[in-house]
Amino acid sequence: MARPSFVFSRRIRLHSIRTQRQLVFLLGGIAVGASAVAMALLADEAQAAFHSLILRWRYVPLVITPLGLGLIAYVTRRLFPNSQGSGIPQAIAARQLTDADARGKLVSIRVAIGKIVLTLFGLLCGASIGREGPTVQVGASIMFAIGRLSPRRQPGLILAGASAGVAAAFNTPLAGIVFGIEEMSRAFEARTSMLLIGGIIAAGLTSLALFGDYTYFGTTSVRLGPLGWLAVPVCGVVGGLVGGLFSRILIEFGRGLPGAAGRVIKHHPVVFAMLCGVGVALCGLASGDTIYGTGYAQVKPLLDHGASLPHSFGLLKLVATALAAISGIPGGIFSPSLAVGAGIGSNLSVLFPGTPVAALVLLGMVSYFSGVVQAPITAFVIVTEMTNDHAMVVPVMAAAFIGRAASRLVCREGVYHALSRRFVTEATPAVAT
C-alpha cells in the first residue's frame with residue numbers, strides 16, 4: 001500500500017505537469033494571436049502599396065508580378081524549403097509524422113519567418129493569395145517551437161497552433177475549433193480538444209485586444225424567400241463542381257505533371273513561376289485590377305453595401321489564384337477561394353431576380369469553399385461567423401454539404417489532405433535512414 005506522503009507528492013507533480021501544459025497552450029495562443037494580427041496589418045499595407053503602384057501606371061503588374069513571383073520561388077527553394085503554398089498541408093503532415101526532426105522541417109521558426117516575409121512580398125507583387133493559410137503554418141510552427149521539449153505533446157500543440165491561426169486570422173473562434181477537429185485531426189479527442197480550445201481562446205482574445213472586434217467580410221442580415229430556396233441546390237452544385245475542379249488542378253500540379261511538361265516545370269521552377277506571374281497580371285488587367293491580393297477589398301463592399309462586381313471576376317480570380325498556387329510561392333487560398341465563391345454567387349443572381357444578391361453571394365462562397373477543402377462544417381461555420389448572418393445558417397449549411405458532394409464528383413479528396421501526402425512521403429525516407 002502506497003504511503004500517504006508518496007501519493008500526495010505524486011499528485012503535486014501531476015498537477016504541476018498539467019499546469020505547465022496548460023500554460024504552454026495559453027502562451028502559445030497569445031503568440032499566435034499576436035502574429036496573426038501583425039500579419040494582417042502588414043498584409044493590408046502590402047496590398048495598399050501595390051494598389052498605389054497601379055494608380056500610377058496600370059500596366060506595372062506586367063513587370064513586377066512575373067519578376068516578383070520568380071524571385072519568391074527562387075528564395076523559397078533556396079532558403080525556406082517547405083514554406084511554399086498554403087502551409088496547411090505541411091501542418092497536417094507534421095501531425096502525422098512521428099520524428100521531431102522531420103516535423104521541424106515542416107513547422108519551425110525558420111519556416112514561419114520565411115512564410116510571413118514571402119507571403120507579404122507576394123501580396124506586394126500582386127499575387128492572388130491569402131494570409132490565412134500561412135497563418136495556420138505560422139501558428140503550428142510557434143506552438144511546435146514552444147513544445148519542442150515535450151515530444152509527446154507535439155501533435156496536440158501543432159493542432160492547437162494551426163486552429164488558433166484560423167481563429168485569429170478570421171476572428172472566428174468557433175471556426176478555429178471546427179477546423180481543428182474536422183480538417184486538421186479528423187477526430188475528436190477530449191483531452192486534446194480542451195487544450196486546443198484554451199489556445200484558441202488565448203489567440204482570439206489577443207486578436208480582439210490588438211485589432212478590436214470585427215466581422216471579416218462585413219455584416220449581412222439577408223433572408224431567403226420561398227423561391228430563394230431554389231438557389232441553394234443550384235449554388236451548391238455549381239460552386240462545388242468548380243471548387244472540385246480547382247482542387248484537382250492544384251493536386252495534379254502538386255504531384256507533378258507527367259511527361260515533358262512535368263519535367264520542364266521541375267527543372268525550371270523559377271521560369272515557370274514567372275510565367276504564372278504573367279498570367280496573373282493578364283487576369284488583373286482583364287478584370288479591371290480587381291483580382292489582385294486576397295479579394296477582401298472586393299467582397300466586403302459587396303456584402304456591406306451591395307456594390308457590384310465585374311461579371312468576369314469569379315472566373316478570373318479563380319485562374320489567378322490557381323496560377324499563384326501552382327507557381328510554388330508561399331500564399332494561402334482561403335480568402336481568394338471565398339472571393340471566387342462570391343463572384344460565382346453574384347453571377348448566379350441573374351437566375352434568381354427576386355433573391356437578395358448578398359444571400360446568393362453567401363451561398364456561392366460556402367459552396368465553392370466547401371468544394372475546395374471538402375470540409376463542409378468548417379466552411380459554413382466560417383462563412384456564418386465572419387459575416388454575422390445567423391438568418392442564413394440553415395441554407396448556408398445545406399449549400400455547404402451539397403457543394404462537398406458535388407466536388408467529390410470531380411475530385412475525390414480535399415486539397416489540403418491530398419497535398420499533405422507529398423510532404424509525408426518526402427519526410428519518411430529521411431526518418432527511416
# chains A, B, ... in the order shown; residues from 1 in each chain; ligands from 1
>>> closest_atom_pairs(of="stretch 93-160 of chain A", to="stretch 328-335 of chain A", cutoff="7 Å", atoms="only C-alpha atoms", output="Markdown table")
| residue | atom | partner | partner_atom | distance |
| --- | --- | --- | --- | --- |
| A:Lys115 | CA | A:Pro330 | CA | 6.2 |
| A:Leu118 | CA | A:Pro330 | CA | 6.2 |
| A:Thr119 | CA | A:Gly331 | CA | 5.3 |
| A:Ile129 | CA | A:Gly331 | CA | 5.0 |
| A:Gly130 | CA | A:Gly332 | CA | 4.3 |
| A:Arg131 | CA | A:Gly332 | CA | 5.7 |
| A:Glu132 | CA | A:Gly332 | CA | 6.2 |
| A:Gly133 | CA | A:Gly332 | CA | 4.5 |
| A:Pro134 | CA | A:Gly332 | CA | 5.9 |
>>> residues_around(residues="stretch 379-396 of chain A", least_positions_apart="6", cutoff="10 Å", atoms="only C-alpha atoms", output="NGL selection string")
:A and (166-167 or 170-179 or 214-224 or 228-229 or 231-233 or 236 or 300 or 303-304 or 338 or 359-360 or 362-373 or 402 or 404)
>>> closest_residue(among="A:Val234, A:Ile181, A:Val107, A:Ala164", to="A:Gly33", atoms="only C-alpha atoms")
A:Ala164
>>> residues_around(residues="A:Arg77", least_positions_apart="2", cutoff="12 Å", atoms="only C-alpha atoms", output="ChimeraX atom specification")
/A:70-75,79-85,111,114,118,266,268-270,273,327-330
>>> atom_distance(atom1="atom CA of A:Gly343", atom2="atom CA of A:Met397")
19.1 Å
>>> residues_around(residues="A:Val32", least_positions_apart="4", cutoff="7 Å", atoms="only C-alpha atoms", output="PDB file with N, CA and C atoms, in the first residue's frame")
ATOM      1  N   GLY A  28       1.277  29.984 -26.004  1.00  0.00           N
ATOM      2  CA  GLY A  28       1.365  29.781 -27.448  1.00  0.00           C
ATOM      3  C   GLY A  28       0.220  30.438 -28.183  1.00  0.00           C
ATOM      4  N   ALA A  36      -0.801  36.679 -35.888  1.00  0.00           N
ATOM      5  CA  ALA A  36      -1.875  36.810 -36.871  1.00  0.00           C
ATOM      6  C   ALA A  36      -2.255  38.265 -37.080  1.00  0.00           C
ATOM      7  N   GLY A 139       1.217  29.505 -36.997  1.00  0.00           N
ATOM      8  CA  GLY A 139       0.721  29.121 -35.678  1.00  0.00           C
ATOM      9  C   GLY A 139       1.218  27.757 -35.254  1.00  0.00           C
ATOM     10  N   ILE A 142       4.914  28.063 -34.293  1.00  0.00           N
ATOM     11  CA  ILE A 142       5.121  28.686 -32.986  1.00  0.00           C
ATOM     12  C   ILE A 142       4.847  27.695 -31.865  1.00  0.00           C
ATOM     13  N   GLY A 161      -1.950  25.122 -32.490  1.00  0.00           N
ATOM     14  CA  GLY A 161      -1.394  26.286 -33.169  1.00  0.00           C
ATOM     15  C   GLY A 161      -2.057  26.564 -34.499  1.00  0.00           C
ATOM     16  N   ALA A 164      -5.643  27.815 -33.776  1.00  0.00           N
ATOM     17  CA  ALA A 164      -5.587  29.181 -33.269  1.00  0.00           C
ATOM     18  C   ALA A 164      -5.275  30.162 -34.393  1.00  0.00           C
ATOM     19  N   GLY A 165      -4.477  29.726 -35.372  1.00  0.00           N
ATOM     20  CA  GLY A 165      -4.184  30.580 -36.518  1.00  0.00           C
ATOM     21  C   GLY A 165      -5.427  30.921 -37.310  1.00  0.00           C
ATOM     22  N   ALA A 203      -5.605  33.014 -28.330  1.00  0.00           N
ATOM     23  CA  ALA A 203      -5.330  33.684 -29.600  1.00  0.00           C
ATOM     24  C   ALA A 203      -6.435  34.673 -29.947  1.00  0.00           C
TER      25      ALA A 203
END
>>> closest_residue(among="A:Gly341, A:Pro301, A:Pro310, A:Gly277", to="A:Leu323", atoms="only C-alpha atoms")
A:Gly277
>>> closest_residue(among="A:Pro376, A:Gly126, A:Gly288, A:Gly414", to="A:Ala48", atoms="only C-alpha atoms")
A:Gly126
>>> residues_around(residues="stretch 88-102 of chain A", least_positions_apart="3", cutoff="6 Å", atoms="only C-alpha atoms", output="list of chain:residue names")
A:Lys105, A:Leu106, A:Gly133, A:Gln137, A:Pro155, A:Met184, A:Tyr416, A:Leu419, A:Ser420, A:Val424, A:Ala427
>>> write_last_selection(atoms="N, CA and C atoms", output="tab-separated table (two decimals), in the first residue's frame")
chain	number	residue	atom	x	y	z
A	105	LYS	N	11.17	20.22	-40.02
A	105	LYS	CA	11.39	20.70	-41.38
A	105	LYS	C	10.12	21.30	-42.00
A	106	LEU	N	8.97	20.96	-41.42
A	106	LEU	CA	7.69	21.46	-41.94
A	106	LEU	C	7.13	22.59	-41.11
A	133	GLY	N	-4.11	30.80	-44.63
A	133	GLY	CA	-3.39	29.53	-44.67
A	133	GLY	C	-1.98	29.65	-44.12
A	137	GLN	N	0.18	27.72	-40.73
A	137	GLN	CA	1.51	27.13	-40.63
A	137	GLN	C	2.37	27.90	-39.63
A	155	PRO	N	2.05	16.67	-31.46
A	155	PRO	CA	0.88	16.66	-32.35
A	155	PRO	C	-0.25	17.55	-31.84
A	184	MET	N	-7.97	19.33	-39.52
A	184	MET	CA	-6.61	19.00	-39.08
A	184	MET	C	-6.50	17.60	-38.50
A	416	TYR	N	-6.19	19.99	-49.17
A	416	TYR	CA	-5.17	20.04	-48.12
A	416	TYR	C	-4.64	18.65	-47.78
A	419	LEU	N	-2.57	17.12	-50.72
A	419	LEU	CA	-1.23	17.68	-50.85
A	419	LEU	C	-0.34	17.32	-49.67
A	420	SER	N	-0.93	17.04	-48.51
A	420	SER	CA	-0.11	16.72	-47.34
A	420	SER	C	0.65	15.41	-47.53
A	424	VAL	N	4.55	14.09	-46.33
A	424	VAL	CA	4.78	12.89	-45.52
A	424	VAL	C	5.70	11.92	-46.25
A	427	ALA	N	9.31	13.10	-46.25
A	427	ALA	CA	9.96	13.06	-44.95
A	427	ALA	C	10.21	11.63	-44.47
>>> closest_residue(among="A:Val138, A:Glu45, A:Ile54, A:Leu157", to="A:Ala169", atoms="only C-alpha atoms")
A:Val138
